Amino acid sequence: MKKRKVFVGILIFLLTFVLFGCSGTFLEFPFNQKVPSTRNETILQAFYWEMATGDYLVNHPEEEDLWVLLKKRASELSEKGFTAVWLPPANKALFGTSDVGYATYDLWDLGEFYHHGTIRTKYGTKEELEDAISSLHSNNVKVYYDAVLNHRMGADGTEEVKLSDISPDKPGETIRAFTVFDFSGRNGKYSDFTWNWQCFDGVDYDANKDTHGKYLFEGKNWDYTFYWDDDYLMGADVDYENVDVKEDVTNWGKWIVNDINFDGFRLDAVKHVDYRFVNEWINDVQGSSTKDLFYVGEAWIEDTDDLAKFLDTVGNESLKVFDFPLRSFFVDMIDGADLTNLQYVGLVNKDGYEDRAVTFVDNHDTNRDDVDPGIYRRKYQAYAYILTREYGTPVVFWKDYYIYGMKEGLDKLLEVRRNYAYGRGYEIDNNDEDVYGYVREGLPEVEKDGLVLLISDGETNEVRTKRINSRQPNTTFYDYTGHIQGTVTTDENGYGDFKVITSENEGWSVWVPL
């Protein structure tokens with residue numbers, strides 16, 4: 001009998017150790033606590049521009065086979081709270097295995113055919129891609145394709161093309177253009193459509209004279225874009241007034257969703273693509289699938305009202321856009337900004353457009369070695385903002401998460417988003433230039449969720465206190481980031497004295513119920 005009591009005691013101790021851990025940290029959700037019925041959406045951008053090159057390849061050799069790596073990390077990503085990954089362009093591009101993917105050659109070649117000196121793309125083979133998608137799906141992580149539809153590069157041949165009399169350069173002359181795409185390695189598999197100059201509006205290179213310019217073909221006009229005369233960007237500019245082109249690109253989108261099993265798209269350089277086609281393409285691709293597909297456009301517009309007008313112009317409620325105006329404010333925060341503006345800036349704070357904002361801090365364009373360092377100060381403050389907000393779909397950048405040593409800190413914010421960032425959001429009534437606060441009230445059916453966020457761009461290293469209505473009376477909170485020790489217990493009206501450090505390196509605190 002005595003031995004049995006000892007055994008039971010040991011068993012209770014072991015269960016306590018497993019449930020609470022040696023550090024005394026509680027499980028995210030106790031057994032008697034209800035959990036949110038749906039997870040907050042959070043996207044991981046699963047690449048960066050310099051991936052698998054130079055010192056990055058030396059220090060992170062596993063990234064050379066990205067599809068294989070994502071398959072291995074699928075479970076981990078799901079556990080951390082990621083609900084989707086945004087993949088780089090998975091199709092064959094001009095520079096083969098050294099191409100990030102934006103110099104589109106053949107959308108239908110996902111690393112299956114020998115083109116441009118390689119079968120695989122920079123990231124792997126089609127089979128490896130499909131294995132990664134299957135593994136991510138098994139872990140409840142969706143997968144988004146980066147679709148570069150604006151242009152083509154790496155043509156298989158040239159042809160003589162007469163230019164329009166209104167061509168910006170060499171009007172009325174004849175040039176030799178790289179516009180012949182026969183995709184001989186694919187030999188008509190998936191699509192037997194081949195491309196010539198009639199599939200394009202113009203190019204930027206004359207092979208006859210080895211000259212660069214902006215060359216509009218005879219009988220063509222630049223497509224309809226949000227900003228007038230903003231169609232041409234680079235390469236051979238795709239003509240989306242060509243019926244055969246529209247059919248082939250639409251069939252490709254349906255194939256990507258229904259055969260390859262992607263769950264949505266990032267539309268590259270979307271403001272340079274005919275907005276009428278964008279609207280039609282989204283409707284047609286969505287209409288071919290029973291899935292609720294995700295569409296986000298890269299319209300690099302830093303004025304909030306103009307970005308909203310772009311969405312209105314496309315006229316498709318399914319389309320979201322990256323919130324460049326919000327990121328522009330994060331750039332201002334590098335050297336210090338008036339944080340009271342954080343309740344107003346960006347599409348995420350514009351009435352009627354909040355849920356069409358995809359928020360981010362940096363990406364493969366805004367952070368490139370020797371080009372742009374991106375957000376190099378107060379980056380955690382920016383992430384704390386987007387990961388706790390009621391509206392917007394936040395994106396975490398692979399380079400921040402895995403390369404720049406931010407994983408531990410970002411994991412805490414991801415845990416906050418996964419477990420606490422629920423319920424209606426409220427701006428606090430005493431924000432100031434150096435300290436910004438925001439409250440999530442939690443869900444009535446869920447215990448111990450909701451939060452109080454404080455961020456600072458100050459540099460005095462003092463502890464600032466704000467009297468804040470947490471919307472949760474008689475509740476004890478603690479700072480999940482660990483920057484501030486101790487607890488805060490609110491009064492019967494939900495008010496408490498919450499703190500944050502005015503510091504670049506510790507200037508963010510997320511107070512959650514204990």
# chains A, B, ... in the order shown; residues from 1 in each chain; ligands from 1
$ residues_around --residues "Phe324 in chain A" --least-positions-apart "3" --cutoff "7 Å" --atoms "only C-alpha atoms" --output "short mmCIF file (atom, residue, chain, number, x, y, z; two decimals) with C-alpha atoms, in the first residue's frame"
data_model
loop_
_atom_site.label_atom_id
_atom_site.label_comp_id
_atom_site.auth_asym_id
_atom_site.auth_seq_id
_atom_site.Cartn_x
_atom_site.Cartn_y
_atom_site.Cartn_z
CA TRP A 300 3.69 49.19 -54.70
CA ILE A 301 1.65 52.28 -53.83
CA GLU A 302 2.56 54.13 -50.64
CA ARG A 327 5.40 49.83 -44.03
CA SER A 328 6.34 53.36 -45.07
#
$ residues_around --residues "range 203-209 of chain A" --least-positions-apart "5" --cutoff "8 Å" --atoms "only C-alpha atoms" --output "VMD selection string"
chain A and resid 175 to 178 214 to 216 234 to 237
$ select_by_dssp --residues "range 63-200 of chain A" --states "alpha helix (DSSP H)" --output "VMD selection string"
chain A and resid 66 to 80 126 to 138
$ closest_residue --among "A:Asp201, A:Asp146, A:Asp306, A:Asp335" --to "Leu163 in chain A" --atoms "only C-alpha atoms"
A:Asp201
$ residues_around --residues "Gln45 in chain A" --least-positions-apart "4" --cutoff "12 Å" --atoms "only C-alpha atoms" --output "ChimeraX atom specification"
/A:49,70,77,82-89,143-146,266,358-365,394-402
$ closest_atom_pairs --of "range 241-337 of chain A" --to "range 136-139 of chain A" --cutoff "10 Å" --atoms "only C-alpha atoms" --output "tab-separated table"
residue	atom	partner	partner_atom	distance
A:Asn261	CA	A:His137	CA	9.4
A:Phe262	CA	A:His137	CA	9.6
A:Asp263	CA	A:His137	CA	9.7
$ write_last_selection --atoms "C-alpha atoms" --output "PDB file, in the first residue's frame"
ATOM      1  CA  ASN A 261      -2.934  22.005 -55.232  1.00  0.00           C
ATOM      2  CA  PHE A 262      -1.915  25.555 -54.322  1.00  0.00           C
ATOM      3  CA  ASP A 263      -4.334  27.554 -52.169  1.00  0.00           C
TER       4      ASP A 263
END
$ closest_atom_pairs --of "range 363-434 of chain A" --to "range 439-451 of chain A" --cutoff "7 Å" --atoms "only C-alpha atoms" --output "tab-separated table"
residue	atom	partner	partner_atom	distance
A:Asn419	CA	A:Asp449	CA	6.7
A:Tyr420	CA	A:Asp449	CA	4.3
A:Ala421	CA	A:Gly450	CA	5.6
A:Tyr422	CA	A:Gly442	CA	4.8
A:Gly423	CA	A:Gly442	CA	4.1
A:Arg424	CA	A:Arg440	CA	5.6
A:Gly425	CA	A:Arg440	CA	4.5
A:Tyr426	CA	A:Val439	CA	5.0
A:Glu427	CA	A:Val439	CA	6.5
$ closest_atom_pairs --of "range 164-279 of chain A" --to "range 294-299 of chain A" --cutoff "9 Å" --atoms "only C-alpha atoms" --output "tab-separated table"
residue	atom	partner	partner_atom	distance
A:Asp263	CA	A:Phe294	CA	6.5
A:Gly264	CA	A:Phe294	CA	4.2
A:Phe265	CA	A:Tyr295	CA	4.9
A:Arg266	CA	A:Val296	CA	4.9
A:Leu267	CA	A:Gly297	CA	4.6
A:Asp268	CA	A:Glu298	CA	5.3
A:Ala269	CA	A:Glu298	CA	5.4
A:Val270	CA	A:Ala299	CA	5.6
A:Lys271	CA	A:Ala299	CA	5.2
A:His272	CA	A:Ala299	CA	8.4
$ write_last_selection --atoms "N, CA and C atoms" --output "mmCIF file, in the first residue's frame"
data_model
loop_
_atom_site.group_PDB
_atom_site.id
_atom_site.type_symbol
_atom_site.label_atom_id
_atom_site.label_comp_id
_atom_site.auth_asym_id
_atom_site.auth_seq_id
_atom_site.Cartn_x
_atom_site.Cartn_y
_atom_site.Cartn_z
ATOM 1 N N ASP A 263 -3.140 27.010 -52.831
ATOM 2 C CA ASP A 263 -4.334 27.554 -52.169
ATOM 3 C C ASP A 263 -4.551 29.037 -52.436
ATOM 4 N N GLY A 264 -3.697 29.624 -53.248
ATOM 5 C CA GLY A 264 -3.844 31.042 -53.542
ATOM 6 C C GLY A 264 -2.611 31.580 -54.229
ATOM 7 N N PHE A 265 -2.605 32.911 -54.418
ATOM 8 C CA PHE A 265 -1.564 33.541 -55.223
ATOM 9 C C PHE A 265 -1.135 34.874 -54.636
ATOM 10 N N ARG A 266 0.143 35.160 -54.797
ATOM 11 C CA ARG A 266 0.645 36.523 -54.704
ATOM 12 C C ARG A 266 0.852 36.974 -56.146
ATOM 13 N N LEU A 267 0.247 38.080 -56.540
ATOM 14 C CA LEU A 267 0.316 38.579 -57.911
ATOM 15 C C LEU A 267 1.394 39.645 -57.994
ATOM 16 N N ASP A 268 2.516 39.288 -58.610
ATOM 17 C CA ASP A 268 3.666 40.174 -58.708
ATOM 18 C C ASP A 268 3.358 41.363 -59.616
ATOM 19 N N ALA A 269 3.854 42.539 -59.221
ATOM 20 C CA ALA A 269 3.765 43.756 -60.049
ATOM 21 C C ALA A 269 2.366 43.950 -60.620
ATOM 22 N N VAL A 270 1.360 43.749 -59.803
ATOM 23 C CA VAL A 270 -0.014 43.688 -60.306
ATOM 24 C C VAL A 270 -0.501 45.016 -60.866
ATOM 25 N N LYS A 271 0.074 46.129 -60.424
ATOM 26 C CA LYS A 271 -0.397 47.413 -60.951
ATOM 27 C C LYS A 271 0.078 47.652 -62.382
ATOM 28 N N HIS A 272 0.987 46.795 -62.878
ATOM 29 C CA HIS A 272 1.439 46.892 -64.263
ATOM 30 C C HIS A 272 0.667 45.950 -65.193
#
$ residues_around --residues "Gln381 in chain A" --least-positions-apart "5" --cutoff "12 Å" --atoms "only C-alpha atoms" --output "PDB file with C-alpha atoms, in the first residue's frame"
ATOM      1  CA  PHE A 329       5.539  54.442 -41.513  1.00  0.00           C
ATOM      2  CA  PHE A 330       7.738  51.641 -40.157  1.00  0.00           C
ATOM      3  CA  VAL A 331      10.549  53.202 -42.219  1.00  0.00           C
ATOM      4  CA  MET A 333      10.092  54.724 -37.126  1.00  0.00           C
ATOM      5  CA  ILE A 334      13.741  53.846 -37.805  1.00  0.00           C
ATOM      6  CA  GLY A 336      11.737  57.930 -34.464  1.00  0.00           C
ATOM      7  CA  LEU A 339       3.501  56.982 -32.657  1.00  0.00           C
ATOM      8  CA  LEU A 342      -0.163  54.323 -35.721  1.00  0.00           C
ATOM      9  CA  VAL A 361       7.692  44.650 -42.290  1.00  0.00           C
ATOM     10  CA  ILE A 375      13.833  48.074 -41.526  1.00  0.00           C
ATOM     11  CA  TYR A 376      17.054  47.832 -39.536  1.00  0.00           C
ATOM     12  CA  ILE A 386       1.029  43.706 -37.193  1.00  0.00           C
ATOM     13  CA  LEU A 387       0.869  40.419 -35.250  1.00  0.00           C
ATOM     14  CA  THR A 388      -1.543  41.700 -32.596  1.00  0.00           C
ATOM     15  CA  GLY A 409      11.571  36.968 -30.200  1.00  0.00           C
ATOM     16  CA  LEU A 410       9.264  36.409 -33.156  1.00  0.00           C
ATOM     17  CA  LEU A 413       4.894  37.234 -30.818  1.00  0.00           C
ATOM     18  CA  ASP A 434       6.853  57.840 -27.867  1.00  0.00           C
ATOM     19  CA  VAL A 435       4.442  55.171 -26.614  1.00  0.00           C
ATOM     20  CA  TYR A 436       1.603  53.508 -28.503  1.00  0.00           C
ATOM     21  CA  GLY A 437      -0.965  51.191 -26.953  1.00  0.00           C
ATOM     22  CA  LEU A 453       0.098  45.939 -26.442  1.00  0.00           C
ATOM     23  CA  LEU A 454       2.567  48.734 -25.723  1.00  0.00           C
ATOM     24  CA  ILE A 455       5.379  49.725 -28.072  1.00  0.00           C
ATOM     25  CA  SER A 456       7.881  52.547 -27.821  1.00  0.00           C
ATOM     26  CA  ASP A 457      10.409  54.209 -30.098  1.00  0.00           C
ATOM     27  CA  GLY A 458      12.061  56.027 -27.197  1.00  0.00           C
ATOM     28  CA  THR A 481       7.828  39.181 -23.857  1.00  0.00           C
ATOM     29  CA  VAL A 500       6.831  49.382 -21.381  1.00  0.00           C
ATOM     30  CA  ILE A 501      10.528  50.260 -21.619  1.00  0.00           C
ATOM     31  CA  THR A 502      11.475  53.218 -23.824  1.00  0.00           C
ATOM     32  CA  SER A 503      14.197  51.263 -25.562  1.00  0.00           C
ATOM     33  CA  GLU A 504      15.000  50.272 -29.131  1.00  0.00           C
ATOM     34  CA  ASN A 505      15.894  46.728 -28.069  1.00  0.00           C
ATOM     35  CA  GLU A 506      13.177  46.084 -25.490  1.00  0.00           C
ATOM     36  CA  GLY A 507      10.551  48.655 -26.397  1.00  0.00           C
ATOM     37  CA  TRP A 508       7.627  46.301 -26.874  1.00  0.00           C
ATOM     38  CA  SER A 509       5.509  44.538 -24.265  1.00  0.00           C
ATOM     39  CA  VAL A 510       2.445  42.365 -24.764  1.00  0.00           C
TER      40      VAL A 510
END
$ closest_residue --among "A:Glu247, A:Asp106, A:Asp55, A:Glu492" --to "Phe183 in chain A" --atoms "only C-alpha atoms"
A:Asp106
$ select_by_dssp --residues "range 342-479 of chain A" --states "strand (DSSP E or B)" --output "PyMOL selection string"
chain A and resi 357-359+368+372+393-397+425-427+435-440+451-456+463-469+476-479
$ write_last_selection --atoms "C-alpha atoms" --output "compact mmCIF listing (two decimals), in the first residue's frame"
# COMPACT_ATOMS: atom_id res chain seq x y z
CA ALA A 357 -4.61 44.66 -46.11
CA VAL A 358 -1.75 42.18 -46.00
CA THR A 359 0.68 43.70 -43.52
CA ARG A 368 18.47 43.23 -50.31
CA ASP A 372 18.44 48.34 -49.27
CA THR A 393 -3.16 39.39 -42.60
CA PRO A 394 0.44 39.64 -41.32
CA VAL A 395 3.51 38.24 -43.08
CA VAL A 396 6.77 37.22 -41.39
CA PHE A 397 9.90 37.41 -43.56
CA GLY A 425 -9.42 45.85 -31.04
CA TYR A 426 -9.37 49.23 -29.28
CA GLU A 427 -7.01 52.19 -29.51
CA VAL A 435 4.44 55.17 -26.61
CA TYR A 436 1.60 53.51 -28.50
CA GLY A 437 -0.96 51.19 -26.95
CA TYR A 438 -3.61 48.86 -28.33
CA VAL A 439 -6.07 46.44 -26.70
CA ARG A 440 -7.72 43.22 -27.84
CA LEU A 451 -4.06 41.43 -24.67
CA VAL A 452 -2.66 44.88 -24.04
CA LEU A 453 0.10 45.94 -26.44
CA LEU A 454 2.57 48.73 -25.72
CA ILE A 455 5.38 49.73 -28.07
CA SER A 456 7.88 52.55 -27.82
CA VAL A 463 9.89 52.41 -17.73
CA ARG A 464 6.76 54.21 -18.91
CA THR A 465 3.38 53.48 -17.34
CA LYS A 466 0.01 53.89 -19.02
CA ARG A 467 -3.39 53.68 -17.34
CA ILE A 468 -5.29 51.49 -19.80
CA ASN A 469 -8.75 49.96 -20.02
CA THR A 476 -4.14 39.62 -13.70
CA PHE A 477 -1.81 40.18 -16.67
CA TYR A 478 1.89 39.50 -17.25
CA ASP A 479 4.26 40.66 -19.99
